[in-house]
$ cat entry.cif   # mmCIF, N, CA and C atoms
data_structure
#
loop_
_atom_site.label_atom_id
_atom_site.label_comp_id
_atom_site.auth_asym_id
_atom_site.auth_seq_id
_atom_site.Cartn_x
_atom_site.Cartn_y
_atom_site.Cartn_z
N MET I 221 -15.96 76.93 -18.16
CA MET I 221 -16.90 77.42 -19.12
C MET I 221 -17.70 78.58 -18.53
N ALA I 222 -18.06 78.46 -17.26
CA ALA I 222 -18.87 79.52 -16.65
C ALA I 222 -18.12 80.85 -16.65
N TRP I 223 -16.82 80.82 -16.31
CA TRP I 223 -16.06 82.06 -16.30
C TRP I 223 -15.99 82.67 -17.70
N ARG I 224 -15.80 81.83 -18.70
CA ARG I 224 -15.74 82.34 -20.08
C ARG I 224 -17.05 83.01 -20.44
N LYS I 225 -18.15 82.37 -20.10
CA LYS I 225 -19.47 82.94 -20.42
C LYS I 225 -19.74 84.20 -19.60
N LEU I 226 -19.33 84.21 -18.34
CA LEU I 226 -19.49 85.42 -17.53
C LEU I 226 -18.71 86.59 -18.11
N ARG I 227 -17.59 86.28 -18.72
CA ARG I 227 -16.77 87.33 -19.35
C ARG I 227 -17.30 87.70 -20.74
N GLY I 228 -18.29 86.95 -21.24
CA GLY I 228 -18.87 87.24 -22.55
C GLY I 228 -17.95 86.87 -23.70
N LEU I 229 -17.15 85.82 -23.52
CA LEU I 229 -16.18 85.41 -24.53
C LEU I 229 -16.63 84.12 -25.21
N THR I 230 -16.38 84.03 -26.51
CA THR I 230 -16.57 82.78 -27.22
C THR I 230 -15.35 81.91 -26.98
N GLN I 231 -15.46 80.63 -27.32
CA GLN I 231 -14.30 79.75 -27.21
C GLN I 231 -13.16 80.25 -28.08
N ALA I 232 -13.49 80.68 -29.28
CA ALA I 232 -12.45 81.17 -30.20
C ALA I 232 -11.75 82.40 -29.63
N GLN I 233 -12.50 83.31 -29.04
CA GLN I 233 -11.89 84.52 -28.45
C GLN I 233 -10.98 84.17 -27.29
N LEU I 234 -11.46 83.30 -26.39
CA LEU I 234 -10.63 82.94 -25.23
C LEU I 234 -9.41 82.15 -25.66
N ALA I 235 -9.56 81.25 -26.60
CA ALA I 235 -8.41 80.48 -27.09
C ALA I 235 -7.37 81.43 -27.67
N ASP I 236 -7.80 82.39 -28.46
CA ASP I 236 -6.88 83.36 -29.05
C ASP I 236 -6.22 84.21 -27.98
N ARG I 237 -7.01 84.68 -27.04
CA ARG I 237 -6.49 85.51 -25.95
C ARG I 237 -5.51 84.75 -25.09
N SER I 238 -5.73 83.43 -24.94
CA SER I 238 -4.90 82.60 -24.07
C SER I 238 -3.68 82.02 -24.78
N GLY I 239 -3.70 82.04 -26.10
CA GLY I 239 -2.58 81.45 -26.85
C GLY I 239 -2.63 79.94 -26.89
N VAL I 240 -3.83 79.37 -26.82
CA VAL I 240 -4.00 77.92 -26.93
C VAL I 240 -4.96 77.64 -28.08
N GLY I 241 -4.96 76.42 -28.55
CA GLY I 241 -5.87 76.03 -29.60
C GLY I 241 -7.29 75.88 -29.06
N ARG I 242 -8.25 76.03 -29.95
CA ARG I 242 -9.65 75.91 -29.52
C ARG I 242 -9.94 74.49 -29.01
N GLY I 243 -9.33 73.48 -29.62
CA GLY I 243 -9.50 72.11 -29.16
C GLY I 243 -8.99 71.91 -27.74
N THR I 244 -7.86 72.56 -27.44
CA THR I 244 -7.31 72.49 -26.08
C THR I 244 -8.28 73.13 -25.09
N LEU I 245 -8.82 74.28 -25.46
CA LEU I 245 -9.79 74.94 -24.59
C LEU I 245 -11.03 74.07 -24.39
N GLN I 246 -11.49 73.43 -25.45
CA GLN I 246 -12.65 72.54 -25.33
C GLN I 246 -12.36 71.39 -24.37
N ARG I 247 -11.13 70.83 -24.43
CA ARG I 247 -10.77 69.75 -23.52
C ARG I 247 -10.71 70.23 -22.08
N ILE I 248 -10.20 71.44 -21.87
CA ILE I 248 -10.15 71.99 -20.51
C ILE I 248 -11.56 72.18 -19.98
N GLU I 249 -12.43 72.76 -20.80
CA GLU I 249 -13.81 73.01 -20.36
C GLU I 249 -14.57 71.71 -20.11
N ALA I 250 -14.22 70.66 -20.83
CA ALA I 250 -14.88 69.37 -20.65
C ALA I 250 -14.29 68.58 -19.49
N GLY I 251 -13.19 69.07 -18.91
CA GLY I 251 -12.56 68.39 -17.79
C GLY I 251 -11.82 67.13 -18.20
N GLU I 252 -11.40 67.07 -19.45
CA GLU I 252 -10.70 65.88 -19.94
C GLU I 252 -9.28 65.80 -19.39
N LYS I 253 -8.78 64.59 -19.35
CA LYS I 253 -7.41 64.34 -18.92
C LYS I 253 -6.44 64.74 -20.03
N GLY I 254 -5.18 64.90 -19.65
CA GLY I 254 -4.13 65.10 -20.64
C GLY I 254 -3.91 66.55 -21.03
N VAL I 255 -4.48 67.49 -20.32
CA VAL I 255 -4.24 68.91 -20.61
C VAL I 255 -3.08 69.36 -19.74
N SER I 256 -2.13 70.05 -20.34
CA SER I 256 -0.96 70.47 -19.57
C SER I 256 -1.31 71.59 -18.60
N VAL I 257 -0.57 71.64 -17.53
CA VAL I 257 -0.73 72.71 -16.54
C VAL I 257 -0.43 74.05 -17.20
N GLU I 258 0.54 74.06 -18.08
CA GLU I 258 0.89 75.30 -18.78
C GLU I 258 -0.32 75.86 -19.53
N ASN I 259 -1.02 75.00 -20.26
CA ASN I 259 -2.19 75.47 -21.00
C ASN I 259 -3.31 75.91 -20.07
N LEU I 260 -3.49 75.21 -18.97
CA LEU I 260 -4.49 75.62 -17.99
C LEU I 260 -4.16 77.00 -17.44
N LEU I 261 -2.89 77.23 -17.13
CA LEU I 261 -2.47 78.54 -16.62
C LEU I 261 -2.66 79.62 -17.67
N ARG I 262 -2.42 79.29 -18.93
CA ARG I 262 -2.65 80.26 -20.01
C ARG I 262 -4.11 80.68 -20.08
N VAL I 263 -5.01 79.71 -19.93
CA VAL I 263 -6.44 80.01 -19.97
C VAL I 263 -6.84 80.84 -18.76
N LEU I 264 -6.31 80.51 -17.60
CA LEU I 264 -6.59 81.31 -16.41
C LEU I 264 -6.13 82.75 -16.60
N ARG I 265 -4.96 82.92 -17.21
CA ARG I 265 -4.47 84.27 -17.51
C ARG I 265 -5.39 84.97 -18.50
N GLY I 266 -5.83 84.24 -19.52
CA GLY I 266 -6.74 84.81 -20.51
C GLY I 266 -8.06 85.25 -19.92
N LEU I 267 -8.48 84.58 -18.85
CA LEU I 267 -9.72 84.93 -18.17
C LEU I 267 -9.51 86.02 -17.11
N GLY I 268 -8.26 86.35 -16.84
CA GLY I 268 -7.97 87.33 -15.80
C GLY I 268 -8.04 86.75 -14.40
N LEU I 269 -7.87 85.44 -14.29
CA LEU I 269 -7.98 84.76 -12.99
C LEU I 269 -6.65 84.26 -12.44
N LEU I 270 -5.59 84.41 -13.18
CA LEU I 270 -4.31 83.85 -12.77
C LEU I 270 -3.84 84.41 -11.43
N GLU I 271 -4.11 85.69 -11.18
CA GLU I 271 -3.66 86.29 -9.91
C GLU I 271 -4.40 85.72 -8.71
N ASN I 272 -5.54 85.04 -8.92
CA ASN I 272 -6.28 84.42 -7.82
C ASN I 272 -5.73 83.05 -7.43
N LEU I 273 -4.89 82.47 -8.26
CA LEU I 273 -4.40 81.11 -8.03
C LEU I 273 -3.62 80.96 -6.72
N PRO I 274 -2.67 81.84 -6.41
CA PRO I 274 -1.94 81.64 -5.14
C PRO I 274 -2.86 81.61 -3.93
N ARG I 275 -3.87 82.45 -3.90
CA ARG I 275 -4.81 82.46 -2.77
C ARG I 275 -5.62 81.17 -2.74
N ALA I 276 -6.01 80.67 -3.90
CA ALA I 276 -6.80 79.43 -3.95
C ALA I 276 -5.97 78.25 -3.45
N LEU I 277 -4.67 78.29 -3.61
CA LEU I 277 -3.81 77.19 -3.19
C LEU I 277 -3.29 77.33 -1.76
N ASP I 278 -3.54 78.46 -1.13
CA ASP I 278 -3.07 78.72 0.22
C ASP I 278 -4.04 78.14 1.25
N PRO I 279 -3.64 77.12 2.00
CA PRO I 279 -4.56 76.52 2.97
C PRO I 279 -5.00 77.50 4.06
N LEU I 280 -4.18 78.50 4.35
CA LEU I 280 -4.55 79.46 5.39
C LEU I 280 -5.58 80.47 4.91
N ALA I 281 -5.93 80.43 3.63
CA ALA I 281 -6.95 81.33 3.10
C ALA I 281 -8.35 80.76 3.30
N SER I 282 -8.45 79.53 3.82
CA SER I 282 -9.77 78.93 4.04
C SER I 282 -10.03 78.78 5.54
N ASP I 283 -11.30 78.73 5.90
CA ASP I 283 -11.66 78.54 7.31
C ASP I 283 -11.10 77.23 7.86
N VAL I 284 -11.24 76.15 7.10
CA VAL I 284 -10.74 74.84 7.55
C VAL I 284 -9.23 74.88 7.70
N GLY I 285 -8.54 75.48 6.77
CA GLY I 285 -7.08 75.57 6.85
C GLY I 285 -6.63 76.35 8.08
N ARG I 286 -7.32 77.45 8.36
CA ARG I 286 -6.96 78.24 9.55
C ARG I 286 -7.25 77.47 10.83
N LEU I 287 -8.37 76.76 10.88
CA LEU I 287 -8.71 75.99 12.07
C LEU I 287 -7.71 74.87 12.33
N ARG I 288 -7.23 74.25 11.26
CA ARG I 288 -6.33 73.10 11.42
C ARG I 288 -4.86 73.51 11.40
N SER I 289 -4.56 74.79 11.25
CA SER I 289 -3.17 75.23 11.10
C SER I 289 -2.31 74.93 12.32
N GLU I 290 -2.92 74.86 13.48
CA GLU I 290 -2.16 74.59 14.69
C GLU I 290 -1.94 73.10 14.94
N GLU I 291 -2.67 72.26 14.22
CA GLU I 291 -2.52 70.82 14.40
C GLU I 291 -1.21 70.35 13.78
N ARG I 292 -0.70 69.29 14.35
CA ARG I 292 0.46 68.65 13.73
C ARG I 292 -0.07 67.71 12.66
N LEU I 293 0.25 68.01 11.43
CA LEU I 293 -0.26 67.22 10.32
C LEU I 293 0.60 65.97 10.13
N PRO I 294 0.00 64.89 9.71
CA PRO I 294 0.77 63.66 9.52
C PRO I 294 1.78 63.81 8.37
N ARG I 295 2.85 63.05 8.44
CA ARG I 295 3.84 63.09 7.36
C ARG I 295 3.31 62.40 6.11
N ARG I 296 2.50 61.36 6.32
CA ARG I 296 1.89 60.63 5.21
C ARG I 296 0.41 60.49 5.48
N VAL I 297 -0.35 60.51 4.43
CA VAL I 297 -1.79 60.32 4.57
C VAL I 297 -2.15 59.05 3.82
N ARG I 298 -2.79 58.15 4.53
CA ARG I 298 -3.23 56.89 3.91
C ARG I 298 -4.71 56.98 3.66
N PRO I 299 -5.18 56.33 2.59
CA PRO I 299 -6.63 56.35 2.35
C PRO I 299 -7.35 55.69 3.51
N ARG I 300 -8.45 56.27 3.90
CA ARG I 300 -9.20 55.68 5.00
C ARG I 300 -10.40 54.95 4.43
N GLN I 301 -10.80 53.94 5.14
CA GLN I 301 -11.99 53.18 4.75
C GLN I 301 -13.21 53.97 5.18
N LEU I 302 -14.10 54.21 4.23
CA LEU I 302 -15.33 54.92 4.55
C LEU I 302 -16.34 53.94 5.12
N ALA I 303 -16.96 54.33 6.20
CA ALA I 303 -18.02 53.50 6.77
C ALA I 303 -19.24 53.58 5.88
N LEU I 304 -20.04 52.54 5.90
CA LEU I 304 -21.24 52.49 5.07
C LEU I 304 -22.16 53.67 5.35
N GLN I 305 -22.24 54.09 6.60
CA GLN I 305 -23.13 55.19 6.94
C GLN I 305 -22.67 56.51 6.32
N GLU I 306 -21.37 56.66 6.04
CA GLU I 306 -20.88 57.87 5.39
C GLU I 306 -21.27 57.90 3.92
N LEU I 307 -21.51 56.75 3.34
CA LEU I 307 -21.84 56.66 1.93
C LEU I 307 -23.31 56.80 1.64
N THR I 308 -24.15 56.57 2.65
CA THR I 308 -25.59 56.61 2.44
C THR I 308 -26.16 57.84 3.11
N PRO I 309 -27.21 58.45 2.53
CA PRO I 309 -27.80 59.63 3.15
C PRO I 309 -28.48 59.29 4.46
N GLU I 310 -28.58 60.29 5.30
CA GLU I 310 -29.25 60.13 6.60
C GLU I 310 -30.72 59.80 6.37
N ARG I 311 -31.24 58.89 7.17
CA ARG I 311 -32.65 58.53 7.09
C ARG I 311 -33.24 58.53 8.48
N ASP I 312 -34.53 58.81 8.55
CA ASP I 312 -35.23 58.74 9.83
C ASP I 312 -35.42 57.29 10.21
N HIS I 313 -35.10 56.95 11.42
CA HIS I 313 -35.27 55.58 11.91
C HIS I 313 -36.28 55.60 13.04
N ASP I 314 -37.54 55.88 12.75
CA ASP I 314 -38.59 55.94 13.77
C ASP I 314 -39.16 54.60 14.07
#
$ encode --input "entry.cif" --output "structure tokens"
Amino acid sequence: MAWRKLRGLTQAQLADRSGVGRGTLQRIEAGEKGVSVENLLRVLRGLGLLENLPRALDPLASDVGRLRSEERLPRRVRPRQLALQELTPERDHD
């Protein structure tokens, strides 16, 4: 929604420009499930952001990705148990 507003577009204008229905655009903006990748890509193209997608998906384009690029990554990643201290904010214990 922010990109649409920054571009000065109404939902109807962006939906028309993207080739999707206004209801589909509303679902994308609301973050609802069940929206196809194709329609999401159409909206990105309508906003002029589609060319940014490959860079956003490239792990070497981020500081963390570059730092970890030399590490041997695991073949599988299992969910880890979060410690209670990771879930609660830091507090002073004076």
$ atom_distance --input "entry.cif" --atom1 "atom CA of I:Gln246" --atom2 "atom CA of I:Leu270"
18.8 Å
$ atom_distance --input "entry.cif" --atom1 "atom CA of I:Ala235" --atom2 "atom CA of I:Leu261"
12.2 Å
$ resolve_selection --input "entry.cif" --expression "the PyMOL selection byres (((chain I and resi 265 and name CA) around 12) and name CA)" --output "count of residues only"
24
$ atom_distance --input "entry.cif" --atom1 "atom CA of I:Ala250" --atom2 "atom CA of I:Met221"
8.4 Å
$ select_by_dssp --input "entry.cif" --residues "chain I" --states "helix (DSSP H, G or I)" --output "MDAnalysis selection string"
chainID I and resid 222:226 231:238 242:250 257:267 270:277 279:281 283:288 304:307
